[in-house]
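**Student:** My structure file structure-v2.pdb, PDB, C-alpha atoms, is below:
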ATOM      1  CA  MET A   1       8.707  11.666  16.800
ATOM      2  CA  LYS A   2       8.470   9.203  19.727
ATOM      3  CA  THR A   3       8.851  12.135  22.113
ATOM      4  CA  LYS A   4       5.850  13.971  20.663
ATOM      5  CA  GLY A   5       2.292  13.689  21.942
ATOM      6  CA  GLY A   6       0.007  11.493  19.837
ATOM      7  CA  ASN A   7       2.733   9.293  18.334
ATOM      8  CA  ILE A   8       1.759   5.607  18.636
ATOM      9  CA  SER A   9       4.252   3.606  16.579
ATOM     10  CA  GLN A  10       6.249   3.482  13.386
ATOM     11  CA  GLN A  11       7.800   0.810  11.181
ATOM     12  CA  LEU A  12      10.400   1.352   8.480
ATOM     13  CA  TYR A  13      10.539  -0.919   5.420
ATOM     14  CA  ARG A  14      13.235  -1.279   2.791
ATOM     15  CA  GLY A  15      13.354  -3.281  -0.420
ATOM     16  CA  PRO A  16      15.865  -5.993  -1.320
ATOM     17  CA  ALA A  17      17.192  -3.583  -3.950
ATOM     18  CA  GLY A  18      16.710  -0.008  -5.044
ATOM     19  CA  ARG A  19      16.634   3.395  -3.360
ATOM     20  CA  VAL A  20      13.118   3.499  -1.847
ATOM     21  CA  VAL A  21      12.252   3.140   1.845
ATOM     22  CA  THR A  22       8.718   3.267   3.278
ATOM     23  CA  ASN A  23       7.777   4.529   6.731
ATOM     24  CA  VAL A  24       4.385   3.578   8.196
ATOM     25  CA  ALA A  25       3.645   5.705  11.275
ATOM     26  CA  ASN A  26       0.513   5.559  13.436
ATOM     27  CA  TRP A  27      -0.772   8.741  15.081
ATOM     28  CA  GLU A  28      -3.713   9.493  17.363
ATOM     29  CA  SER A  29      -4.738  12.454  15.199
ATOM     30  CA  ALA A  30      -3.675  14.460  12.167
ATOM     31  CA  LYS A  31      -3.301  17.479  14.448
ATOM     32  CA  ASP A  32      -0.700  15.667  16.563
ATOM     33  CA  LEU A  33       1.291  14.822  13.431
ATOM     34  CA  GLN A  34       1.056  18.411  12.212
ATOM     35  CA  ASN A  35       2.328  19.742  15.532
ATOM     36  CA  ALA A  36       5.291  17.357  15.482
ATOM     37  CA  PHE A  37       6.095  18.030  11.825
ATOM     38  CA  MET A  38       6.025  21.803  12.244
ATOM     39  CA  SER A  39       8.190  21.830  15.368
ATOM     40  CA  PRO A  40      11.584  23.567  14.941
ATOM     41  CA  GLU A  41      13.350  20.464  16.267
ATOM     42  CA  PHE A  42      11.900  18.274  13.498
ATOM     43  CA  GLN A  43      12.518  20.799  10.736
ATOM     44  CA  ALA A  44      16.175  20.986  11.776
ATOM     45  CA  LEU A  45      16.480  17.176  11.453
ATOM     46  CA  LEU A  46      15.416  17.200   7.798
ATOM     47  CA  THR A  47      18.914  18.330   6.821
ATOM     48  CA  THR A  48      20.290  14.950   7.940
ATOM     49  CA  TYR A  49      18.722  13.205   4.915
ATOM     50  CA  PRO A  50      21.021  12.696   1.904
ATOM     51  CA  ASP A  51      21.005  15.499  -0.651
ATOM     52  CA  GLY A  52      18.495  14.797  -3.406
ATOM     53  CA  SER A  53      16.137  12.773  -1.195
ATOM     54  CA  ALA A  54      12.403  13.163  -1.873
ATOM     55  CA  ALA A  55       9.530  12.306   0.489
ATOM     56  CA  TYR A  56       5.915  11.607  -0.497
ATOM     57  CA  PRO A  57       3.820  11.706   2.712
ATOM     58  CA  HIS A  58       0.141  10.760   2.611
ATOM     59  CA  LEU A  59      -2.444  10.478   5.398
ATOM     60  CA  VAL A  60      -4.457   7.250   5.308
ATOM     61  CA  ARG A  61      -6.799   5.174   7.466
ATOM     62  CA  PRO A  62      -7.316   1.379   7.464
ATOM     63  CA  VAL A  63     -10.343   0.288   5.422
ATOM     64  CA  GLU A  64     -12.708  -2.520   6.378
ATOM     65  CA  VAL A  65     -12.912  -4.893   3.419
ATOM     66  CA  PRO A  66     -15.223  -7.822   4.309
ATOM     67  CA  GLY A  67     -13.387 -11.116   4.199
ATOM     68  CA  VAL A  68     -10.005  -9.425   3.725
ATOM     69  CA  CYS A  69      -9.103  -6.853   6.409
ATOM     70  CA  LEU A  70     -10.419  -4.638   9.232
ATOM     71  CA  GLY A  71     -10.732  -0.867   9.515
ATOM     72  CA  ALA A  72     -13.228   1.925   8.914
ATOM     73  CA  PRO A  73     -16.381   0.845   7.028
ATOM     74  CA  TRP A  74     -17.104   2.052   3.493
ATOM     75  CA  ASP A  75     -20.349   2.228   1.526
ATOM     76  CA  ARG A  76     -20.243  -0.789  -0.763
ATOM     77  CA  GLU A  77     -23.625  -0.352  -2.451
ATOM     78  CA  PRO A  78     -22.783   2.736  -4.573
ATOM     79  CA  ALA A  79     -19.676   0.948  -5.807
ATOM     80  CA  LEU A  80     -21.759  -2.005  -6.971
ATOM     81  CA  ALA A  81     -24.364   0.240  -8.574
ATOM     82  CA  THR A  82     -21.849   2.266 -10.598
ATOM     83  CA  ARG A  83     -19.404  -0.526 -11.396
ATOM     84  CA  LYS A  84     -18.511  -0.884 -15.055
ATOM     85  CA  LEU A  85     -16.310  -3.769 -16.088
ATOM     86  CA  THR A  86     -13.851  -3.326 -18.896
ATOM     87  CA  THR A  87     -13.888  -5.647 -21.878
ATOM     88  CA  ALA A  88     -13.786  -9.288 -20.759
ATOM     89  CA  GLY A  89     -10.215 -10.341 -20.090
ATOM     90  CA  ALA A  90      -8.897  -6.775 -20.386
ATOM     91  CA  SER A  91      -7.007  -5.004 -17.612
ATOM     92  CA  ALA A  92      -8.354  -1.703 -16.286
ATOM     93  CA  ILE A  93      -5.212  -1.084 -14.254
ATOM     94  CA  GLU A  94      -1.668  -0.100 -15.195
ATOM     95  CA  TYR A  95       1.134  -1.502 -13.027
ATOM     96  CA  ILE A  96       4.189   0.717 -12.575
ATOM     97  CA  ASP A  97       7.464   0.025 -10.766
ATOM     98  CA  LEU A  98       7.792   2.464  -7.865
ATOM     99  CA  CYS A  99      11.581   2.097  -8.205
ATOM    100  CA  PRO A 100      12.096   2.113 -12.010
ATOM    101  CA  ASP A 101      15.811   1.305 -11.859
ATOM    102  CA  VAL A 102      14.993  -1.985 -10.077
ATOM    103  CA  PRO A 103      11.874  -3.582 -11.665
ATOM    104  CA  LEU A 104       9.493  -5.601  -9.504
ATOM    105  CA  ALA A 105      10.573  -8.874 -11.119
ATOM    106  CA  GLU A 106      14.175  -8.146 -10.126
ATOM    107  CA  GLN A 107      13.094  -7.229  -6.583
ATOM    108  CA  LEU A 108      11.248 -10.537  -6.258
ATOM    109  CA  ARG A 109      14.256 -12.497  -7.505
ATOM    110  CA  ALA A 110      16.336 -10.859  -4.762
ATOM    111  CA  THR A 111      13.779 -11.741  -2.069
ATOM    112  CA  ASN A 112      14.206 -14.731   0.245
ATOM    113  CA  GLY A 113      11.474 -15.767   2.660
ATOM    114  CA  ALA A 114       8.546 -13.675   3.806
ATOM    115  CA  PHE A 115       8.072 -10.133   2.478
ATOM    116  CA  THR A 116       5.499  -7.353   2.153
ATOM    117  CA  LEU A 117       4.218  -6.167  -1.214
ATOM    118  CA  GLN A 118       3.262  -2.490  -1.277
ATOM    119  CA  ASP A 119       0.648  -1.539  -3.887
ATOM    120  CA  THR A 120      -0.138   2.191  -4.076
ATOM    121  CA  PHE A 121      -3.239   2.749  -6.207
ATOM    122  CA  VAL A 122      -3.992   6.114  -7.811
ATOM    123  CA  VAL A 123      -7.657   5.907  -8.788
ATOM    124  CA  PRO A 124      -9.628   8.140 -11.195
ATOM    125  CA  GLU A 125     -11.629  10.844  -9.452
ATOM    126  CA  GLY A 126     -14.882   9.584  -7.976
ATOM    127  CA  ALA A 127     -14.011   5.894  -8.382
ATOM    128  CA  VAL A 128     -12.375   5.052  -5.042
ATOM    129  CA  ASP A 129     -15.318   2.962  -3.804
ATOM    130  CA  GLN A 130     -15.295   0.938  -7.020
ATOM    131  CA  ALA A 131     -11.563   0.351  -6.565
ATOM    132  CA  ILE A 132     -12.145  -0.895  -3.010
ATOM    133  CA  HIS A 133     -14.720  -3.348  -4.324
ATOM    134  CA  ALA A 134     -12.193  -4.551  -6.904
ATOM    135  CA  TYR A 135      -9.666  -4.950  -4.091
ATOM    136  CA  GLN A 136     -12.199  -7.084  -2.204
ATOM    137  CA  GLU A 137     -12.642  -9.394  -5.200
ATOM    138  CA  ILE A 138      -8.879  -9.799  -5.647
ATOM    139  CA  GLY A 139      -8.257 -10.083  -1.903
ATOM    140  CA  ALA A 140     -10.693 -12.981  -1.649
ATOM    141  CA  TYR A 141      -8.903 -14.618  -4.583
ATOM    142  CA  MET A 142      -5.466 -14.162  -2.996
ATOM    143  CA  LYS A 143      -6.618 -15.642   0.318
ATOM    144  CA  GLY A 144      -7.344 -18.881  -1.512
ATOM    145  CA  HIS A 145      -3.730 -19.262  -2.624
ATOM    146  CA  SER A 146      -0.961 -20.937  -0.669
ATOM    147  CA  GLY A 147       1.604 -18.537   0.733
ATOM    148  CA  PHE A 148      -0.723 -15.586   1.336
ATOM    149  CA  ILE A 149      -0.486 -14.442   4.973
ATOM    150  CA  GLN A 150      -2.477 -11.222   5.360
ATOM    151  CA  ALA A 151      -3.268  -7.839   3.814
ATOM    152  CA  GLN A 152      -4.420  -4.415   4.956
ATOM    153  CA  LEU A 153      -5.873  -1.709   2.748
ATOM    154  CA  TYR A 154      -5.513   1.991   3.629
ATOM    155  CA  ARG A 155      -7.576   4.843   2.192
ATOM    156  CA  GLY A 156      -6.413   8.435   1.823
ATOM    157  CA  LEU A 157      -8.184  10.999   3.993
ATOM    158  CA  GLY A 158     -10.645  13.556   2.676
ATOM    159  CA  SER A 159     -10.981  13.680  -1.103
ATOM    160  CA  SER A 160      -7.806  11.668  -1.715
ATOM    161  CA  ASN A 161      -7.942   9.213  -4.602
ATOM    162  CA  VAL A 162      -5.055   7.108  -3.216
ATOM    163  CA  LEU A 163      -5.309   3.581  -1.766
ATOM    164  CA  VAL A 164      -2.346   1.733  -0.233
ATOM    165  CA  ASP A 165      -2.247  -2.054   0.189
ATOM    166  CA  LEU A 166       0.343  -3.858   2.324
ATOM    167  CA  ALA A 167       0.147  -7.597   1.612
ATOM    168  CA  VAL A 168       2.368 -10.137   3.389
ATOM    169  CA  TRP A 169       3.485 -13.287   1.537
ATOM    170  CA  GLU A 170       5.550 -16.277   2.632
ATOM    171  CA  THR A 171       7.671 -16.334  -0.537
ATOM    172  CA  ALA A 172       8.060 -14.553  -3.851
ATOM    173  CA  GLY A 173       7.278 -17.838  -5.590
ATOM    174  CA  ALA A 174       3.878 -17.995  -3.900
ATOM    175  CA  LEU A 175       3.005 -14.512  -5.177
ATOM    176  CA  ARG A 176       4.174 -15.353  -8.701
ATOM    177  CA  ASP A 177       2.016 -18.493  -8.698
ATOM    178  CA  ALA A 178      -1.057 -16.491  -7.680
ATOM    179  CA  LEU A 179      -0.474 -13.805 -10.300
ATOM    180  CA  SER A 180       0.177 -16.302 -13.103
ATOM    181  CA  ALA A 181      -2.956 -18.386 -12.470
ATOM    182  CA  PRO A 182      -5.343 -18.369 -15.478
ATOM    183  CA  ASP A 183      -8.250 -16.815 -13.545
ATOM    184  CA  PHE A 184      -6.324 -13.806 -12.178
ATOM    185  CA  PRO A 185      -6.233 -11.463 -15.230
ATOM    186  CA  ALA A 186     -10.036 -11.335 -15.482
ATOM    187  CA  LEU A 187     -10.255  -9.924 -11.938
ATOM    188  CA  LEU A 188      -8.338  -6.801 -12.974
ATOM    189  CA  ALA A 189     -11.380  -5.708 -15.008
ATOM    190  CA  TYR A 190     -13.130  -4.837 -11.730
ATOM    191  CA  TYR A 191     -10.832  -1.834 -11.228
ATOM    192  CA  PRO A 192     -11.945   1.532 -12.644
ATOM    193  CA  ALA A 193     -10.430   2.178 -16.057
ATOM    194  CA  GLY A 194      -7.384   4.408 -15.717
ATOM    195  CA  THR A 195      -6.274   3.094 -12.302
ATOM    196  CA  ARG A 196      -2.504   3.110 -11.797
ATOM    197  CA  CYS A 197      -0.698   0.892  -9.284
ATOM    198  CA  PHE A 198       2.851   1.595  -8.088
ATOM    199  CA  GLN A 199       4.494  -1.551  -6.676
ATOM    200  CA  LEU A 200       7.419  -2.199  -4.350
ATOM    201  CA  VAL A 201       8.772  -5.194  -2.410
ATOM    202  CA  LEU A 202       9.378  -4.409   1.277
ATOM    203  CA  HIS A 203      11.168  -5.981   4.233
ATOM    204  CA  ARG A 204      10.943  -4.674   7.783
ATOM    205  CA  ALA A 205      14.017  -2.680   8.778
ATOM    206  CA  ALA A 206      15.326  -2.476  12.341
ATOM    207  CA  VAL A 207      16.015   1.068  13.586
ATOM    208  CA  SER A 208      17.418   1.373  17.109
ATOM    209  CA  ASN A 209      14.838   2.617  19.626
ATOM    210  CA  VAL A 210      12.238   2.995  16.863
ATOM    211  CA  CYS A 211      11.228  -0.314  15.230
ATOM    212  CA  VAL A 212      12.289  -3.936  14.738
ATOM    213  CA  ASN A 213      12.702  -6.170  11.700
TER     214      ASN A 213
END
Can you present the structure in this file as structure tokens?

**Tutor:**
Amino acid sequence: MKTKGGNISQQLYRGPAGRVVTNVANWESAKDLQNAFMSPEFQALLTTYPDGSAAYPHLVRPVEVPGVCLGAPWDREPALATRKLTTAGASAIEYIDLCPDVPLAEQLRATNGAFTLQDTFVVPEGAVDQAIHAYQEIGAYMKGHSGFIQAQLYRGLGSSNVLVDLAVWETAGALRDALSAPDFPALLAYYPAGTRCFQLVLHRAAVSNVCVN
């Protein structure tokens, strides 16, 4: 991919346990990626993956969330106008382990030092802006807790209802403290009812001539 026009950079991540790896690649345009992906040279390389491997590619752009992260702006006002909170103290979001055979709690126990938490949100149709607003509320909360380093939210292109958050923490203990604080559960009511979040712990992986850890 580094030899193809439009490729900017890529970073591979792997968890402390489990079978999932995440590749984050930056391209100048979707057309450049399409050209590279459809090239005969790339298609021939797909056979080098282990039998039974599955890939779930998704095109996203960084989102500007005031007070949390930079990116493309979004229209916040419609989200505020249509927002409906769930019952006080109730959660509108379902958390799911992206790697079911290694639950998130087990991944965190196997983590030493800084790590990245990947949250992939699948939002009900028409409720992406509301979910971004919920992310802003929770992002502001997380920034007030010791051990939070930074976060970036990505939004799927076109009519996609997928959001991807990459949040960097100093330690697993710091994340657990933030999630177990008494005022955190109430914030989940800002998400649209029916939102699902697939979670995975990530560490940068070094790949020769491609990316560093």

**Student:** What does the structure give for the distance between atom CA of Leu70 of chain A and atom CA of Leu153 of chain A, in Å to one decimal?

**Tutor:**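 Straight-line distance from atom CA of Leu70 of chain A to atom CA of Leu153 of chain A works out to 8.4 Å.
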
**Student:** Just so the selection is clear, what residues does the PyMOL selection byres ((chain A and resi 96) around 7) cover here, as number ranges by chain?

**Tutor:** A: 94-95, 97-98, 197-199

**Student:** Could you list the residues chosen by the PyMOL selection byres ((chain A and resi 157-160) around 10) in this structure as a PyMOL selection string?

**Tutor:** chain A and resi 30+58-61+122-123+125-126+128+154-156+161-163

**Student:** For Gln34 of chain A, list every protein, DNA or RNA residue within 12 Å, evaluated using only C-alpha atoms, and leave out those in the same chain fewer than 3 positions away; present the list as a short mmCIF file (atom, residue, chain, number, x, y, z; two decimals) with C-alpha atoms, in the coordinates of the input.

**Tutor:**
data_model
loop_
_atom_site.label_atom_id
_atom_site.label_comp_id
_atom_site.auth_asym_id
_atom_site.auth_seq_id
_atom_site.Cartn_x
_atom_site.Cartn_y
_atom_site.Cartn_z
CA MET A 1 8.71 11.67 16.80
CA LYS A 4 5.85 13.97 20.66
CA GLY A 5 2.29 13.69 21.94
CA GLY A 6 0.01 11.49 19.84
CA ASN A 7 2.73 9.29 18.33
CA TRP A 27 -0.77 8.74 15.08
CA GLU A 28 -3.71 9.49 17.36
CA SER A 29 -4.74 12.45 15.20
CA ALA A 30 -3.68 14.46 12.17
CA LYS A 31 -3.30 17.48 14.45
CA PHE A 37 6.10 18.03 11.82
CA MET A 38 6.02 21.80 12.24
CA SER A 39 8.19 21.83 15.37
CA PHE A 42 11.90 18.27 13.50
CA GLN A 43 12.52 20.80 10.74
CA PRO A 57 3.82 11.71 2.71
CA LEU A 59 -2.44 10.48 5.40
#

**Student:** Please report the interatomic distance between atom CA of Tyr141 of chain A and atom CA of Pro16 of chain A in Å with one decimal.

**Tutor:** 26.4 Å

**Student:** Using only C-alpha atoms, which residue out of A:Ala36, A:Val63, A:Ala151, A:Ala205 lies closest to Thr3 of chain A?

**Tutor:**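 Ranking A:Ala36, A:Val63, A:Ala151, A:Ala205 by distance to Thr3 of chain A, first place goes to A:Ala36.
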
**Student:** Run through the PyMOL selection byres ((chain A and resi 114) around 7) on the given coordinates and return the selected residues as a list of chain:residue names.

**Tutor:** A:Asn112, A:Gly113, A:Phe115, A:Trp169, A:Glu170, A:Thr171

**Student:** Out of A:Val20, A:Leu12, A:Ala174, A:Ala131, which residue has the shortest atom-to-atom distance to Pro192 of chain A when counting only C-alpha atoms?

**Tutor:**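 Nearest candidate to Pro192 of chain A out of A:Val20, A:Leu12, A:Ala174, A:Ala131: A:Ala131.
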
**Student:** Rounded to one decimal, what separation in Å do you get between atom CA of Thr120 of chain A and atom CA of Leu200 of chain A?

**Tutor:**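 So the answer is 8.7 Å.
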
**Student:** Counting all atoms listed in the file, which of A:Ala181, A:Leu175, A:Ala25, A:Leu33 gets nearest to Ala105 of chain A?

**Tutor:** A:Leu175

**Student:** Can you put N, CA and C atoms back into segment 45-56 of chain A and show it as a short mmCIF file (atom, residue, chain, number, x, y, z; two decimals), in the frame of the given file?

**Tutor:**
data_model
loop_
_atom_site.label_atom_id
_atom_site.label_comp_id
_atom_site.auth_asym_id
_atom_site.auth_seq_id
_atom_site.Cartn_x
_atom_site.Cartn_y
_atom_site.Cartn_z
N LEU A 45 16.00 18.53 11.74
CA LEU A 45 16.48 17.18 11.45
C LEU A 45 16.39 16.82 9.97
N LEU A 46 15.58 17.53 9.21
CA LEU A 46 15.42 17.20 7.80
C LEU A 46 16.72 17.33 7.03
N THR A 47 17.63 18.14 7.51
CA THR A 47 18.91 18.33 6.82
C THR A 47 19.80 17.10 6.92
N THR A 48 19.45 16.15 7.79
CA THR A 48 20.29 14.95 7.94
C THR A 48 20.03 13.94 6.82
N TYR A 49 18.96 14.11 6.05
CA TYR A 49 18.72 13.20 4.92
C TYR A 49 19.74 13.48 3.81
N PRO A 50 20.07 12.48 3.00
CA PRO A 50 21.02 12.70 1.90
C PRO A 50 20.50 13.74 0.92
N ASP A 51 21.40 14.52 0.36
CA ASP A 51 21.00 15.50 -0.65
C ASP A 51 20.31 14.79 -1.81
N GLY A 52 19.24 15.39 -2.29
CA GLY A 52 18.50 14.80 -3.41
C GLY A 52 17.38 13.87 -2.98
N SER A 53 17.22 13.64 -1.67
CA SER A 53 16.14 12.77 -1.20
C SER A 53 14.79 13.45 -1.42
N ALA A 54 13.77 12.66 -1.70
CA ALA A 54 12.40 13.16 -1.87
C ALA A 54 11.47 12.33 -1.02
N ALA A 55 10.52 12.99 -0.35
CA ALA A 55 9.53 12.31 0.49
C ALA A 55 8.14 12.54 -0.07
N TYR A 56 7.28 11.52 0.01
CA TYR A 56 5.92 11.61 -0.50
C TYR A 56 4.94 11.20 0.61
#
